[in-house]
>>> print(open('run00.pdb').read())   # PDB, C-alpha atoms
ATOM      1  CA  MET A  82      69.131  85.518 121.415
ATOM      2  CA  SER A  83      68.915  81.979 122.755
ATOM      3  CA  PHE A  84      65.401  80.703 122.203
ATOM      4  CA  PRO A  85      63.841  77.332 123.187
ATOM      5  CA  THR A  86      63.306  74.962 120.260
ATOM      6  CA  PRO A  87      60.489  74.102 120.344
ATOM      7  CA  PHE A  88      58.978  76.594 122.786
ATOM      8  CA  ASP A  89      57.624  74.276 125.459
ATOM      9  CA  ARG A  90      56.855  76.441 128.472
ATOM     10  CA  TYR A  91      53.070  76.429 128.782
ATOM     11  CA  LYS A  92      51.200  73.981 131.020
ATOM     12  CA  GLY A  93      47.480  74.050 131.782
ATOM     13  CA  GLU A  94      44.621  72.103 133.313
ATOM     14  CA  VAL A  95      41.164  71.139 132.076
ATOM     15  CA  LEU A  96      38.697  73.007 134.289
ATOM     16  CA  PRO A  97      35.314  71.538 135.332
ATOM     17  CA  GLU A  98      33.379  74.342 133.610
ATOM     18  CA  TRP A  99      35.017  73.373 130.299
ATOM     19  CA  ILE A 100      33.375  69.925 130.236
ATOM     20  CA  ASP A 101      30.543  69.516 127.713
ATOM     21  CA  ALA A 102      27.520  67.202 127.501
ATOM     22  CA  ASN A 103      29.786  64.399 126.216
ATOM     23  CA  GLY A 104      31.821  64.418 129.428
ATOM     24  CA  HIS A 105      35.035  65.759 127.889
ATOM     25  CA  MET A 106      36.577  69.166 127.243
ATOM     26  CA  ASN A 107      34.552  71.198 124.769
ATOM     27  CA  LEU A 108      36.408  72.095 121.563
ATOM     28  CA  ALA A 109      36.395  75.815 122.385
ATOM     29  CA  TYR A 110      38.632  75.261 125.393
ATOM     30  CA  TYR A 111      41.349  73.531 123.410
ATOM     31  CA  ILE A 112      41.585  76.878 121.622
ATOM     32  CA  VAL A 113      41.704  78.700 124.979
ATOM     33  CA  LEU A 114      44.654  76.568 126.094
ATOM     34  CA  PHE A 115      46.414  77.090 122.756
ATOM     35  CA  ASP A 116      45.811  80.837 123.110
ATOM     36  CA  TYR A 117      47.409  80.817 126.568
ATOM     37  CA  ALA A 118      50.416  79.068 125.017
ATOM     38  CA  THR A 119      50.570  81.774 122.340
ATOM     39  CA  ASP A 120      50.523  84.427 125.066
ATOM     40  CA  ALA A 121      53.506  82.748 126.752
ATOM     41  CA  LEU A 122      55.393  82.606 123.442
ATOM     42  CA  PHE A 123      54.593  86.218 122.575
ATOM     43  CA  ASP A 124      55.711  87.407 126.024
ATOM     44  CA  ALA A 125      59.004  85.520 125.582
ATOM     45  CA  ILE A 126      59.559  87.115 122.161
ATOM     46  CA  GLY A 127      58.553  90.556 123.420
ATOM     47  CA  ILE A 128      55.416  90.986 121.284
ATOM     48  CA  GLY A 129      52.836  90.285 124.005
ATOM     49  CA  ARG A 130      50.754  92.570 126.202
ATOM     50  CA  ALA A 131      53.646  94.853 127.212
ATOM     51  CA  TYR A 132      54.469  95.417 123.514
ATOM     52  CA  LYS A 133      50.835  96.291 122.778
ATOM     53  CA  ASP A 134      50.661  98.674 125.734
ATOM     54  CA  ALA A 135      53.922 100.402 124.769
ATOM     55  CA  THR A 136      53.396 100.628 120.990
ATOM     56  CA  ASN A 137      49.655 100.222 120.300
ATOM     57  CA  HIS A 138      50.603  97.390 117.948
ATOM     58  CA  GLY A 139      49.628  93.759 118.307
ATOM     59  CA  THR A 140      48.586  90.673 116.398
ATOM     60  CA  PHE A 141      45.347  89.316 114.967
ATOM     61  CA  VAL A 142      44.800  85.732 113.861
ATOM     62  CA  ALA A 143      43.911  85.527 110.161
ATOM     63  CA  GLU A 144      43.499  81.757 109.920
ATOM     64  CA  THR A 145      43.568  78.721 112.170
ATOM     65  CA  HIS A 146      43.289  74.965 111.680
ATOM     66  CA  ASN A 147      42.600  72.638 114.611
ATOM     67  CA  LEU A 148      42.849  68.878 114.785
ATOM     68  CA  TYR A 149      41.347  67.045 117.777
ATOM     69  CA  GLU A 150      43.024  63.679 118.277
ATOM     70  CA  ARG A 151      42.216  62.647 121.849
ATOM     71  CA  GLU A 152      39.601  63.719 124.339
ATOM     72  CA  LEU A 153      40.674  65.454 127.528
ATOM     73  CA  LEU A 154      38.798  64.994 130.798
ATOM     74  CA  VAL A 155      38.283  67.220 133.818
ATOM     75  CA  ALA A 156      41.456  68.003 135.806
ATOM     76  CA  GLU A 157      43.796  66.579 133.141
ATOM     77  CA  GLN A 158      47.095  68.428 132.960
ATOM     78  CA  VAL A 159      48.505  69.365 129.561
ATOM     79  CA  ARG A 160      51.541  71.007 128.062
ATOM     80  CA  VAL A 161      51.719  72.836 124.751
ATOM     81  CA  ALA A 162      54.809  72.777 122.535
ATOM     82  CA  THR A 163      54.990  75.559 119.957
ATOM     83  CA  GLN A 164      57.025  75.839 116.795
ATOM     84  CA  ILE A 165      57.451  78.967 114.719
ATOM     85  CA  LEU A 166      57.025  77.769 111.146
ATOM     86  CA  GLY A 167      57.868  81.075 109.506
ATOM     87  CA  ALA A 168      57.854  84.841 109.749
ATOM     88  CA  ASP A 169      58.070  87.757 107.378
ATOM     89  CA  GLY A 170      57.645  91.522 107.572
ATOM     90  CA  LYS A 171      54.009  91.342 108.701
ATOM     91  CA  ARG A 172      53.177  87.710 109.543
ATOM     92  CA  LEU A 173      53.983  84.941 111.987
ATOM     93  CA  HIS A 174      53.089  81.282 111.267
ATOM     94  CA  LEU A 175      52.806  78.995 114.319
ATOM     95  CA  ALA A 176      52.131  75.348 115.094
ATOM     96  CA  HIS A 177      50.986  74.175 118.538
ATOM     97  CA  GLU A 178      50.834  70.599 119.831
ATOM     98  CA  MET A 179      48.949  69.791 123.062
ATOM     99  CA  PHE A 180      50.047  66.760 125.083
ATOM    100  CA  SER A 181      48.604  65.033 128.144
ATOM    101  CA  LEU A 182      51.015  65.156 131.065
ATOM    102  CA  VAL A 183      49.647  61.823 132.335
ATOM    103  CA  ASN A 184      50.598  59.642 129.364
ATOM    104  CA  GLY A 185      52.352  61.984 126.902
ATOM    105  CA  ALA A 186      49.734  61.368 124.191
ATOM    106  CA  ARG A 187      49.065  64.202 121.783
ATOM    107  CA  ALA A 188      45.514  65.482 122.253
ATOM    108  CA  ALA A 189      45.304  68.236 119.626
ATOM    109  CA  THR A 190      47.180  70.407 117.174
ATOM    110  CA  GLN A 191      46.643  73.957 115.993
ATOM    111  CA  GLU A 192      48.174  75.850 113.087
ATOM    112  CA  LEU A 193      47.799  79.641 112.990
ATOM    113  CA  MET A 194      48.709  82.635 110.872
ATOM    114  CA  TYR A 195      49.091  85.909 112.762
ATOM    115  CA  LEU A 196      49.156  89.381 111.226
ATOM    116  CA  HIS A 197      50.922  92.370 112.811
ATOM    117  CA  ILE A 198      48.420  95.186 113.379
ATOM    118  CA  ASP A 199      48.545  98.913 114.088
ATOM    119  CA  LEU A 200      45.727  98.938 116.636
ATOM    120  CA  GLY A 201      45.025 102.654 116.130
ATOM    121  CA  ALA A 202      44.523 102.308 112.386
ATOM    122  CA  ARG A 203      43.211  98.700 112.636
ATOM    123  CA  ARG A 204      45.408  97.799 109.665
ATOM    124  CA  VAL A 205      48.113  95.252 108.904
ATOM    125  CA  VAL A 206      51.528  96.944 109.074
ATOM    126  CA  PRO A 207      55.172  95.820 109.135
ATOM    127  CA  TRP A 208      56.661  94.766 112.456
ATOM    128  CA  LEU A 209      58.290  97.630 114.305
ATOM    129  CA  PRO A 210      62.092  97.275 113.954
ATOM    130  CA  GLU A 211      62.742  96.046 117.506
ATOM    131  CA  ALA A 212      59.892  93.546 117.277
ATOM    132  CA  ARG A 213      61.037  92.381 113.836
ATOM    133  CA  ASP A 214      64.502  91.627 115.192
ATOM    134  CA  ARG A 215      63.079  89.508 118.040
ATOM    135  CA  VAL A 216      60.575  87.701 115.790
ATOM    136  CA  ASP A 217      63.293  86.958 113.237
ATOM    137  CA  ALA A 218      65.668  85.654 115.918
ATOM    138  CA  ALA A 219      63.027  83.306 117.361
ATOM    139  CA  ALA A 220      62.001  82.152 113.871
ATOM    140  CA  ALA A 221      65.661  81.509 112.969
ATOM    141  CA  ALA A 222      66.069  79.332 116.079
ATOM    142  CA  HIS A 223      63.008  77.299 115.052
ATOM    143  CA  ALA A 224      64.059  77.076 111.395
ATOM    144  CA  ARG A 225      66.440  74.275 112.417
ATOM    145  CA  LEU A 226      63.464  72.107 113.476
ATOM    146  CA  ALA A 227      61.764  69.770 111.032
ATOM    147  CA  GLY A 228      58.329  71.068 110.104
ATOM    148  CA  PRO A 229      55.390  69.051 111.457
ATOM    149  CA  ASP A 230      53.798  66.767 108.866
ATOM    150  CA  TRP A 231      50.299  67.798 109.972
ATOM    151  CA  THR A 232      50.538  71.461 108.913
ATOM    152  CA  GLY A 233      49.100  72.848 105.694
ATOM    153  CA  ARG A 234      45.996  70.673 105.880
ATOM    154  CA  ARG A 235      42.572  71.535 104.560
ATOM    155  CA  ILE A 236      39.108  70.190 105.269
ATOM    156  CA  ALA A 237      37.499  68.232 102.442
ATOM    157  CA  MET A 238      35.116  65.349 101.943
ATOM    158  CA  PRO A 239      36.653  62.181 100.464
ATOM    159  CA  ALA A 240      36.306  61.852  96.683
ATOM    160  CA  THR A 241      34.365  58.592  97.041
ATOM    161  CA  ARG A 242      31.006  58.122  98.746
ATOM    162  CA  ASP A 243      29.962  55.362 101.094
TER     163      ASP A 243
END
>>> encode(input="run00.pdb", output="structure tokens")
Amino acid sequence: MSFPTPFDRYKGEVLPEWIDANGHMNLAYYIVLFDYATDALFDAIGIGRAYKDATNHGTFVAETHNLYERELLVAEQVRVATQILGADGKRLHLAHEMFSLVNGARAATQELMYLHIDLGARRVVPWLPEARDRVDAAAAAHARLAGPDWTGRRIAMPATRD
């Protein structure tokens, strides 16, 4: 399986209804754009909507970390590059980076941990064999990439006070 490294096939646009009282895209819509990028990745791997419909298995997000680096304004075009950081029998670890198409500046990052779910039982279960093979192949292609230095972060107040 030849797989893009990184996966860089999603492009989107900031819609007028996504603009908040500060005149820029509300934080919730960064997540929407990242989610659309995940959908594109999952469809390419074969674990997207068609997989869910055929097997009644899918993915749930267990944890996510977002970093907002640059505001986005109405009608701005963006692209999202995705890297698979790791995969095992039940999990998939992703990193997204969102870039402005106007100037190439990174606007936001998102790190996620997905769990594979039996939607009938609503429980975490191992990937089905055919899905596991595709997930492993995509993860192996991305294993050659250097891991982003911004992953694995946590939120904390500085040790010193002002």
>>> resolve_selection(input="run00.pdb", expression="the PyMOL selection byres ((chain A and resi 208) around 9)", output="number ranges by chain")
A: 138, 169-172, 197-198, 206-207, 209-214, 216
>>> resolve_selection(input="run00.pdb", expression="the PyMOL selection byres ((chain A and resi 155-168) around 6)", output="JSON list (two decimals) with C-alpha atoms, keeping the file's coordinate frame")
[["chain", "number", "residue", "atom", "x", "y", "z"],
["A", 87, "PRO", "CA", 60.49, 74.10, 120.34],
["A", 88, "PHE", "CA", 58.98, 76.59, 122.79],
["A", 89, "ASP", "CA", 57.62, 74.28, 125.46],
["A", 91, "TYR", "CA", 53.07, 76.43, 128.78],
["A", 92, "LYS", "CA", 51.20, 73.98, 131.02],
["A", 93, "GLY", "CA", 47.48, 74.05, 131.78],
["A", 94, "GLU", "CA", 44.62, 72.10, 133.31],
["A", 95, "VAL", "CA", 41.16, 71.14, 132.08],
["A", 96, "LEU", "CA", 38.70, 73.01, 134.29],
["A", 97, "PRO", "CA", 35.31, 71.54, 135.33],
["A", 154, "LEU", "CA", 38.80, 64.99, 130.80],
["A", 169, "ASP", "CA", 58.07, 87.76, 107.38],
["A", 172, "ARG", "CA", 53.18, 87.71, 109.54],
["A", 173, "LEU", "CA", 53.98, 84.94, 111.99],
["A", 174, "HIS", "CA", 53.09, 81.28, 111.27],
["A", 175, "LEU", "CA", 52.81, 79.00, 114.32],
["A", 176, "ALA", "CA", 52.13, 75.35, 115.09],
["A", 177, "HIS", "CA", 50.99, 74.18, 118.54],
["A", 178, "GLU", "CA", 50.83, 70.60, 119.83],
["A", 179, "MET", "CA", 48.95, 69.79, 123.06],
["A", 180, "PHE", "CA", 50.05, 66.76, 125.08],
["A", 181, "SER", "CA", 48.60, 65.03, 128.14],
["A", 182, "LEU", "CA", 51.02, 65.16, 131.06],
["A", 220, "ALA", "CA", 62.00, 82.15, 113.87],
["A", 223, "HIS", "CA", 63.01, 77.30, 115.05]]
>>> closest_residue(input="run00.pdb", among="A:Glu192, A:Asp134, A:Asp101, A:Asp124", to="A:Leu148", atoms="all atoms listed in the file")
A:Glu192
>>> closest_residue(input="run00.pdb", among="A:Ile126, A:Ala135, A:Leu153, A:Ala237", to="A:Tyr110", atoms="only C-alpha atoms")
A:Leu153
>>> residues_around(input="run00.pdb", residues="A:Glu150", least_positions_apart="5", cutoff="9 Å", atoms="only C-alpha atoms", output="PyMOL selection string")
chain A and resi 187-190
>>> atom_distance(input="run00.pdb", atom1="atom CA of A:Ala222", atom2="atom CA of A:Tyr117")
21.5 Å
>>> atom_distance(input="run00.pdb", atom1="atom CA of A:Ala227", atom2="atom CA of A:Gly185")
20.0 Å
>>> atom_distance(input="run00.pdb", atom1="atom CA of A:Leu108", atom2="atom CA of A:His146")
12.4 Å
>>> axis_aligned_box(input="run00.pdb", around="stretch 146-154 of chain A", padding_each_side="5 Å", output="lines of an AutoDock Vina configuration file")
center_x = 41.0
center_y = 68.8
center_z = 121.2
size_x = 14.5
size_y = 22.3
size_z = 29.1
>>> closest_residue(input="run00.pdb", among="A:Thr145, A:Thr136, A:Thr86, A:Asn184", to="A:Ile236", atoms="only C-alpha atoms")
A:Thr145
